[in-house]
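Content type compact mmCIF, N, CA and C atoms, from the file coords_2.txt:
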```txt
# COMPACT_ATOMS: atom_id res chain seq x y z
N MET S 237 0.83 -1.19 0.00
CA MET S 237 0.00 0.00 0.00
C MET S 237 0.88 1.25 0.00
N SER S 238 0.50 2.20 -0.79
CA SER S 238 1.29 3.42 -0.95
C SER S 238 1.06 4.37 0.22
N ASN S 239 2.12 5.01 0.63
CA ASN S 239 2.06 5.98 1.72
C ASN S 239 2.42 7.37 1.18
N ILE S 240 2.09 7.62 -0.08
CA ILE S 240 2.43 8.90 -0.72
C ILE S 240 1.69 10.04 -0.04
N LYS S 241 2.44 11.11 0.22
CA LYS S 241 1.86 12.31 0.81
C LYS S 241 2.23 13.49 -0.08
N THR S 242 1.36 14.47 -0.12
CA THR S 242 1.65 15.68 -0.90
C THR S 242 1.43 16.91 -0.03
N GLU S 243 2.11 17.96 -0.41
CA GLU S 243 1.90 19.25 0.25
C GLU S 243 2.33 20.35 -0.70
N ILE S 244 1.80 21.52 -0.47
CA ILE S 244 2.26 22.71 -1.19
C ILE S 244 3.04 23.52 -0.16
N ARG S 245 4.27 23.83 -0.52
CA ARG S 245 5.15 24.53 0.42
C ARG S 245 5.85 25.68 -0.31
N THR S 246 6.16 26.71 0.45
CA THR S 246 7.01 27.76 -0.09
C THR S 246 8.46 27.29 0.06
N ILE S 247 9.10 27.12 -1.08
CA ILE S 247 10.48 26.65 -1.13
C ILE S 247 11.40 27.86 -1.07
N THR S 248 12.21 27.94 -0.04
CA THR S 248 13.18 29.03 0.07
C THR S 248 14.49 28.62 -0.60
N PRO S 249 15.28 29.59 -1.01
CA PRO S 249 16.59 29.25 -1.58
C PRO S 249 17.45 28.45 -0.59
N GLU S 250 17.34 28.76 0.69
CA GLU S 250 18.13 28.06 1.70
C GLU S 250 17.72 26.59 1.79
N TRP S 251 16.41 26.32 1.84
CA TRP S 251 15.93 24.95 1.93
C TRP S 251 16.30 24.17 0.66
N ALA S 252 16.15 24.82 -0.49
CA ALA S 252 16.49 24.17 -1.76
C ALA S 252 17.97 23.80 -1.79
N ALA S 253 18.83 24.70 -1.33
CA ALA S 253 20.27 24.43 -1.31
C ALA S 253 20.59 23.26 -0.37
N LYS S 254 19.92 23.21 0.77
CA LYS S 254 20.13 22.11 1.72
C LYS S 254 19.73 20.77 1.10
N VAL S 255 18.58 20.74 0.44
CA VAL S 255 18.12 19.51 -0.20
C VAL S 255 19.10 19.08 -1.28
N LEU S 256 19.55 20.02 -2.10
CA LEU S 256 20.49 19.69 -3.18
C LEU S 256 21.84 19.21 -2.64
N THR S 257 22.30 19.79 -1.54
CA THR S 257 23.56 19.35 -0.93
C THR S 257 23.45 17.90 -0.47
N GLU S 258 22.36 17.57 0.20
CA GLU S 258 22.15 16.20 0.66
C GLU S 258 22.01 15.25 -0.54
N HIS S 259 21.29 15.70 -1.55
CA HIS S 259 21.09 14.92 -2.78
C HIS S 259 22.44 14.62 -3.44
N ASP S 260 23.27 15.65 -3.57
CA ASP S 260 24.59 15.48 -4.19
C ASP S 260 25.46 14.52 -3.39
N LYS S 261 25.35 14.57 -2.06
CA LYS S 261 26.13 13.66 -1.21
C LYS S 261 25.73 12.21 -1.49
N HIS S 262 24.45 11.94 -1.65
CA HIS S 262 24.01 10.57 -1.95
C HIS S 262 24.52 10.11 -3.31
N ILE S 263 24.60 11.01 -4.26
CA ILE S 263 25.11 10.66 -5.59
C ILE S 263 26.60 10.34 -5.51
N VAL S 264 27.38 11.18 -4.81
CA VAL S 264 28.81 10.96 -4.68
C VAL S 264 29.09 9.65 -3.95
N GLU S 265 28.28 9.33 -2.95
CA GLU S 265 28.46 8.09 -2.18
C GLU S 265 27.91 6.88 -2.92
N ALA S 266 27.41 7.09 -4.13
CA ALA S 266 26.85 6.03 -4.98
C ALA S 266 25.64 5.35 -4.34
N LYS S 267 24.92 6.12 -3.51
CA LYS S 267 23.68 5.60 -2.93
C LYS S 267 22.49 5.86 -3.85
N PHE S 268 22.71 6.72 -4.82
CA PHE S 268 21.62 7.12 -5.69
C PHE S 268 22.20 7.66 -6.98
N ARG S 269 21.49 7.45 -8.10
CA ARG S 269 21.93 7.96 -9.40
C ARG S 269 20.91 8.97 -9.92
N GLN S 270 21.39 9.96 -10.65
CA GLN S 270 20.53 11.00 -11.18
C GLN S 270 21.20 11.60 -12.41
N ARG S 271 20.39 12.09 -13.32
CA ARG S 271 20.97 12.78 -14.48
C ARG S 271 21.68 14.05 -14.02
N PRO S 272 22.70 14.48 -14.74
CA PRO S 272 23.37 15.73 -14.37
C PRO S 272 22.45 16.93 -14.61
N ILE S 273 22.70 17.97 -13.86
CA ILE S 273 21.92 19.21 -14.02
C ILE S 273 22.37 19.92 -15.29
N THR S 274 21.40 20.40 -16.06
CA THR S 274 21.65 21.19 -17.27
C THR S 274 21.50 22.66 -16.90
N GLU S 275 22.62 23.37 -16.92
CA GLU S 275 22.62 24.77 -16.45
C GLU S 275 21.69 25.67 -17.26
N SER S 276 21.53 25.41 -18.55
CA SER S 276 20.65 26.26 -19.36
C SER S 276 19.19 26.13 -18.90
N VAL S 277 18.81 24.94 -18.48
CA VAL S 277 17.45 24.74 -17.96
C VAL S 277 17.29 25.49 -16.64
N VAL S 278 18.28 25.36 -15.76
CA VAL S 278 18.23 26.06 -14.47
C VAL S 278 18.14 27.57 -14.70
N ALA S 279 18.92 28.10 -15.63
CA ALA S 279 18.91 29.54 -15.90
C ALA S 279 17.55 30.00 -16.41
N LYS S 280 16.94 29.23 -17.29
CA LYS S 280 15.62 29.59 -17.82
C LYS S 280 14.58 29.59 -16.70
N TYR S 281 14.58 28.54 -15.90
CA TYR S 281 13.63 28.47 -14.78
C TYR S 281 13.85 29.63 -13.81
N ALA S 282 15.12 29.93 -13.51
CA ALA S 282 15.44 31.00 -12.56
C ALA S 282 14.94 32.36 -13.06
N ILE S 283 15.07 32.61 -14.35
CA ILE S 283 14.55 33.87 -14.91
C ILE S 283 13.04 33.95 -14.72
N ASP S 284 12.35 32.85 -15.02
CA ASP S 284 10.90 32.83 -14.84
C ASP S 284 10.53 33.05 -13.37
N MET S 285 11.27 32.46 -12.48
CA MET S 285 10.99 32.64 -11.04
C MET S 285 11.22 34.07 -10.60
N LYS S 286 12.34 34.65 -11.03
CA LYS S 286 12.68 36.03 -10.64
C LYS S 286 11.70 37.06 -11.19
N THR S 287 11.19 36.80 -12.38
CA THR S 287 10.30 37.78 -13.02
C THR S 287 8.83 37.55 -12.70
N GLY S 288 8.55 36.55 -11.85
CA GLY S 288 7.16 36.29 -11.47
C GLY S 288 6.38 35.48 -12.48
N ASN S 289 7.08 34.87 -13.44
CA ASN S 289 6.43 34.06 -14.47
C ASN S 289 6.41 32.57 -14.13
N TRP S 290 6.63 32.24 -12.87
CA TRP S 290 6.62 30.85 -12.42
C TRP S 290 5.38 30.66 -11.57
N GLY S 291 4.58 29.69 -11.92
CA GLY S 291 3.35 29.45 -11.17
C GLY S 291 3.29 28.06 -10.58
N LEU S 292 2.41 27.90 -9.64
CA LEU S 292 2.19 26.60 -9.01
C LEU S 292 1.50 25.67 -10.01
N THR S 293 2.07 24.49 -10.21
CA THR S 293 1.50 23.50 -11.12
C THR S 293 1.57 22.12 -10.45
N GLY S 294 1.15 21.12 -11.15
CA GLY S 294 1.26 19.76 -10.66
C GLY S 294 2.66 19.20 -10.78
N GLN S 295 3.57 19.95 -11.38
CA GLN S 295 4.96 19.52 -11.54
C GLN S 295 5.78 20.20 -10.45
N GLY S 296 6.22 19.43 -9.47
CA GLY S 296 6.98 19.99 -8.37
C GLY S 296 8.24 19.21 -8.12
N ILE S 297 8.43 18.81 -6.87
CA ILE S 297 9.57 17.98 -6.52
C ILE S 297 9.07 16.73 -5.81
N SER S 298 9.80 15.64 -5.96
CA SER S 298 9.38 14.37 -5.38
C SER S 298 10.55 13.69 -4.69
N PHE S 299 10.23 13.03 -3.57
CA PHE S 299 11.20 12.24 -2.82
C PHE S 299 10.69 10.82 -2.72
N ASN S 300 11.59 9.85 -2.87
CA ASN S 300 11.15 8.46 -2.75
C ASN S 300 11.09 8.03 -1.28
N GLU S 301 10.72 6.80 -1.06
CA GLU S 301 10.56 6.27 0.29
C GLU S 301 11.86 6.27 1.09
N GLU S 302 12.99 6.31 0.39
CA GLU S 302 14.29 6.35 1.06
C GLU S 302 14.77 7.77 1.29
N GLY S 303 13.97 8.76 0.91
CA GLY S 303 14.32 10.16 1.11
C GLY S 303 15.13 10.78 0.00
N ASN S 304 15.34 10.04 -1.09
CA ASN S 304 16.10 10.59 -2.22
C ASN S 304 15.23 11.49 -3.08
N LEU S 305 15.79 12.58 -3.52
CA LEU S 305 15.13 13.47 -4.48
C LEU S 305 15.08 12.74 -5.82
N VAL S 306 13.89 12.48 -6.33
CA VAL S 306 13.76 11.74 -7.58
C VAL S 306 13.21 12.60 -8.72
N ASP S 307 12.72 13.77 -8.40
CA ASP S 307 12.24 14.69 -9.44
C ASP S 307 12.30 16.10 -8.90
N GLY S 308 12.84 17.01 -9.71
CA GLY S 308 12.83 18.42 -9.34
C GLY S 308 14.17 19.06 -9.06
N GLN S 309 15.27 18.36 -9.37
CA GLN S 309 16.56 18.96 -9.07
C GLN S 309 16.80 20.26 -9.85
N HIS S 310 16.30 20.35 -11.06
CA HIS S 310 16.46 21.58 -11.84
C HIS S 310 15.63 22.72 -11.22
N ARG S 311 14.43 22.39 -10.77
CA ARG S 311 13.58 23.41 -10.15
C ARG S 311 14.21 23.91 -8.85
N LEU S 312 14.76 23.00 -8.05
CA LEU S 312 15.40 23.43 -6.81
C LEU S 312 16.65 24.27 -7.09
N ALA S 313 17.44 23.86 -8.06
CA ALA S 313 18.64 24.64 -8.42
C ALA S 313 18.25 26.03 -8.91
N ALA S 314 17.12 26.12 -9.60
CA ALA S 314 16.65 27.42 -10.09
C ALA S 314 16.20 28.32 -8.94
N VAL S 315 15.59 27.74 -7.92
CA VAL S 315 15.20 28.54 -6.74
C VAL S 315 16.45 29.13 -6.10
N VAL S 316 17.49 28.32 -5.98
CA VAL S 316 18.76 28.81 -5.42
C VAL S 316 19.31 29.93 -6.29
N LYS S 317 19.37 29.71 -7.59
CA LYS S 317 19.93 30.70 -8.53
C LYS S 317 19.11 31.99 -8.53
N ALA S 318 17.79 31.86 -8.50
CA ALA S 318 16.92 33.04 -8.54
C ALA S 318 16.96 33.81 -7.22
N GLY S 319 17.19 33.08 -6.12
CA GLY S 319 17.25 33.74 -4.82
C GLY S 319 15.91 34.20 -4.30
N VAL S 320 14.84 33.59 -4.82
CA VAL S 320 13.49 33.97 -4.38
C VAL S 320 12.72 32.72 -3.94
N PRO S 321 11.85 32.88 -2.93
CA PRO S 321 11.02 31.74 -2.53
C PRO S 321 9.92 31.50 -3.56
N ILE S 322 9.61 30.21 -3.76
CA ILE S 322 8.61 29.82 -4.76
C ILE S 322 7.69 28.77 -4.14
N GLN S 323 6.40 28.91 -4.37
CA GLN S 323 5.47 27.86 -3.95
C GLN S 323 5.56 26.69 -4.90
N MET S 324 5.62 25.47 -4.33
CA MET S 324 5.77 24.30 -5.16
C MET S 324 5.10 23.10 -4.51
N LEU S 325 4.62 22.19 -5.34
CA LEU S 325 4.09 20.92 -4.88
C LEU S 325 5.25 20.02 -4.48
N ILE S 326 5.11 19.35 -3.33
CA ILE S 326 6.09 18.35 -2.92
C ILE S 326 5.36 17.03 -2.75
N VAL S 327 5.94 15.98 -3.31
CA VAL S 327 5.40 14.63 -3.16
C VAL S 327 6.42 13.81 -2.38
N TRP S 328 5.97 13.20 -1.29
CA TRP S 328 6.81 12.41 -0.40
C TRP S 328 6.47 10.92 -0.53
N ASN S 329 7.45 10.06 -0.31
CA ASN S 329 7.26 8.60 -0.23
C ASN S 329 6.86 7.96 -1.56
N VAL S 330 7.40 8.46 -2.65
CA VAL S 330 7.17 7.81 -3.94
C VAL S 330 7.86 6.45 -3.88
N PRO S 331 7.19 5.38 -4.31
CA PRO S 331 7.80 4.05 -4.24
C PRO S 331 9.15 4.01 -4.97
N VAL S 332 10.09 3.29 -4.37
CA VAL S 332 11.42 3.11 -4.96
C VAL S 332 11.29 2.21 -6.17
N MET S 333 11.84 2.66 -7.28
CA MET S 333 11.82 1.88 -8.51
C MET S 333 13.15 1.14 -8.64
N VAL S 334 13.09 -0.13 -8.92
CA VAL S 334 14.31 -0.93 -9.02
C VAL S 334 14.72 -1.07 -10.45
```
Would you kindly transcribe this structure into structure tokens?
Amino acid sequence: MSNIKTEIRTITPEWAAKVLTEHDKHIVEAKFRQRPITESVVAKYAIDMKTGNWGLTGQGISFNEEGNLVDGQHRLAAVVKAGVPIQMLIVWNVPVMV
């Protein structure tokens, strides 16, 4: 049975940086794999966030049951780059895919 939980939270640059730091540590320790961040995507998202053209949608960030960030690393990096808080959907406890 799934224990997925969702919430809408204001993501601060500080919280986003903390999540990304922990995420990167898991990647370096080979506990988790993820695609590399594409800086051009982060820059585009950050501009939209800074100019107020970023809205709340069903596309947010997701963490699996082990606490790994499985979706949204570009969005979090953009919050850090933009330096502004953004409301975003968070999904917790997504089943681990093998």
### Query
Using only N, CA and C atoms, which residue out of S:Ser276, S:Thr293, S:Thr242, S:Thr248 lies closest to Asn329 in chain S?
S:Thr242
### Query
Leaving out Arg245 in chain S and any residue of its chain fewer than 6 positions from it, which residues lie within 7 Å of it when counting all atoms listed in the file, given as a ChimeraX atom specification?
/S:322-326
### Message
Please identify the strand (DSSP E or B) residues within chain S (assignment by DSSP from backbone atoms) and present them as a VMD selection string.
### Response
chain S and resid 241 to 247 297 to 300 305 to 307 322 to 330
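The two atoms in question, atom N of Ala318 in chain S and CA of Ala282 in chain S, are spaced 4.8 Å apart.
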### CA of Arg271 in chain S to CA of Val330 in chain S, straight-line distance in Å
18.1 Å
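What separates atom C of Gly296 in chain S from CA of Gly308 in chain S is a distance of 4.8 Å.
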### Task
Tell me which protein, DNA and RNA residues are within 12 Å of Val332 in chain S, counting only C-alpha atoms, leaving out same-chain ones fewer than 5 positions away, and put them as a count of residues only.
13
### Query
In terms of the shortest atom-to-atom distance over all atoms listed in the file, which of S:Met285, S:Lys254, S:Ile273, S:Ile244 is closest to Pro321 in chain S?
S:Met285
Mind completing range 246-257 of chain S with all heavy atoms? Output as an mmCIF file, in the frame of the given file, please?
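File written: result_10.cif
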```cif
data_model
loop_
_atom_site.group_PDB
_atom_site.id
_atom_site.type_symbol
_atom_site.label_atom_id
_atom_site.label_comp_id
_atom_site.auth_asym_id
_atom_site.auth_seq_id
_atom_site.Cartn_x
_atom_site.Cartn_y
_atom_site.Cartn_z
ATOM 1 N N THR S 246 6.160 26.710 0.450
ATOM 2 C CA THR S 246 7.010 27.760 -0.090
ATOM 3 C C THR S 246 8.460 27.290 0.060
ATOM 4 O O THR S 246 8.939 27.066 1.164
ATOM 5 C CB THR S 246 6.793 29.085 0.664
ATOM 6 O OG1 THR S 246 5.425 29.474 0.506
ATOM 7 C CG2 THR S 246 7.699 30.183 0.108
ATOM 8 N N ILE S 247 9.100 27.120 -1.080
ATOM 9 C CA ILE S 247 10.480 26.650 -1.130
ATOM 10 C C ILE S 247 11.400 27.860 -1.070
ATOM 11 O O ILE S 247 11.368 28.711 -1.963
ATOM 12 C CB ILE S 247 10.747 25.847 -2.430
ATOM 13 C CG1 ILE S 247 9.730 24.726 -2.624
ATOM 14 C CG2 ILE S 247 12.181 25.337 -2.461
ATOM 15 C CD1 ILE S 247 9.749 23.662 -1.578
ATOM 16 N N THR S 248 12.210 27.940 -0.040
ATOM 17 C CA THR S 248 13.180 29.030 0.070
ATOM 18 C C THR S 248 14.490 28.620 -0.600
ATOM 19 O O THR S 248 14.784 27.425 -0.704
ATOM 20 C CB THR S 248 13.459 29.392 1.540
ATOM 21 O OG1 THR S 248 14.091 28.272 2.172
ATOM 22 C CG2 THR S 248 12.176 29.782 2.275
ATOM 23 N N PRO S 249 15.280 29.590 -1.010
ATOM 24 C CA PRO S 249 16.590 29.250 -1.580
ATOM 25 C C PRO S 249 17.450 28.450 -0.590
ATOM 26 O O PRO S 249 18.183 27.538 -0.995
ATOM 27 C CB PRO S 249 17.215 30.610 -1.901
ATOM 28 C CG PRO S 249 16.032 31.503 -2.126
ATOM 29 C CD PRO S 249 14.988 31.029 -1.149
ATOM 30 N N GLU S 250 17.340 28.760 0.690
ATOM 31 C CA GLU S 250 18.130 28.060 1.700
ATOM 32 C C GLU S 250 17.720 26.590 1.790
ATOM 33 O O GLU S 250 18.578 25.700 1.850
ATOM 34 C CB GLU S 250 17.975 28.748 3.071
ATOM 35 C CG GLU S 250 18.513 30.167 3.121
ATOM 36 C CD GLU S 250 17.574 31.216 2.499
ATOM 37 O OE1 GLU S 250 16.370 30.938 2.300
ATOM 38 O OE2 GLU S 250 18.062 32.315 2.197
ATOM 39 N N TRP S 251 16.410 26.320 1.840
ATOM 40 C CA TRP S 251 15.930 24.950 1.930
ATOM 41 C C TRP S 251 16.300 24.170 0.660
ATOM 42 O O TRP S 251 16.743 23.029 0.734
ATOM 43 C CB TRP S 251 14.421 24.922 2.169
ATOM 44 C CG TRP S 251 13.892 23.556 2.484
ATOM 45 C CD1 TRP S 251 13.902 22.922 3.693
ATOM 46 C CD2 TRP S 251 13.271 22.639 1.567
ATOM 47 N NE1 TRP S 251 13.332 21.675 3.582
ATOM 48 C CE2 TRP S 251 12.935 21.471 2.282
ATOM 49 C CE3 TRP S 251 12.977 22.682 0.212
ATOM 50 C CZ2 TRP S 251 12.321 20.367 1.698
ATOM 51 C CZ3 TRP S 251 12.362 21.584 -0.370
ATOM 52 C CH2 TRP S 251 12.037 20.435 0.374
ATOM 53 N N ALA S 252 16.150 24.820 -0.490
ATOM 54 C CA ALA S 252 16.490 24.170 -1.760
ATOM 55 C C ALA S 252 17.970 23.800 -1.790
ATOM 56 O O ALA S 252 18.336 22.697 -2.201
ATOM 57 C CB ALA S 252 16.144 25.087 -2.936
ATOM 58 N N ALA S 253 18.830 24.700 -1.330
ATOM 59 C CA ALA S 253 20.270 24.430 -1.310
ATOM 60 C C ALA S 253 20.590 23.260 -0.370
ATOM 61 O O ALA S 253 21.424 22.405 -0.698
ATOM 62 C CB ALA S 253 21.042 25.674 -0.873
ATOM 63 N N LYS S 254 19.920 23.210 0.770
ATOM 64 C CA LYS S 254 20.130 22.110 1.720
ATOM 65 C C LYS S 254 19.730 20.770 1.100
ATOM 66 O O LYS S 254 20.462 19.787 1.212
ATOM 67 C CB LYS S 254 19.319 22.382 2.986
ATOM 68 C CG LYS S 254 19.474 21.343 4.042
ATOM 69 C CD LYS S 254 18.644 21.709 5.271
ATOM 70 C CE LYS S 254 18.645 20.558 6.260
ATOM 71 N NZ LYS S 254 17.781 20.805 7.399
ATOM 72 N N VAL S 255 18.580 20.740 0.440
ATOM 73 C CA VAL S 255 18.120 19.510 -0.200
ATOM 74 C C VAL S 255 19.100 19.080 -1.280
ATOM 75 O O VAL S 255 19.471 17.905 -1.378
ATOM 76 C CB VAL S 255 16.700 19.678 -0.784
ATOM 77 C CG1 VAL S 255 16.324 18.501 -1.678
ATOM 78 C CG2 VAL S 255 15.682 19.846 0.331
ATOM 79 N N LEU S 256 19.550 20.020 -2.100
ATOM 80 C CA LEU S 256 20.490 19.690 -3.180
ATOM 81 C C LEU S 256 21.840 19.210 -2.640
ATOM 82 O O LEU S 256 22.445 18.300 -3.204
ATOM 83 C CB LEU S 256 20.681 20.886 -4.103
ATOM 84 C CG LEU S 256 19.492 21.199 -5.001
ATOM 85 C CD1 LEU S 256 19.682 22.543 -5.688
ATOM 86 C CD2 LEU S 256 19.250 20.097 -6.012
ATOM 87 N N THR S 257 22.300 19.790 -1.540
ATOM 88 C CA THR S 257 23.560 19.350 -0.930
ATOM 89 C C THR S 257 23.450 17.900 -0.470
ATOM 90 O O THR S 257 24.346 17.088 -0.731
ATOM 91 C CB THR S 257 23.934 20.273 0.245
ATOM 92 O OG1 THR S 257 24.132 21.594 -0.249
ATOM 93 C CG2 THR S 257 25.199 19.797 0.949
#
```
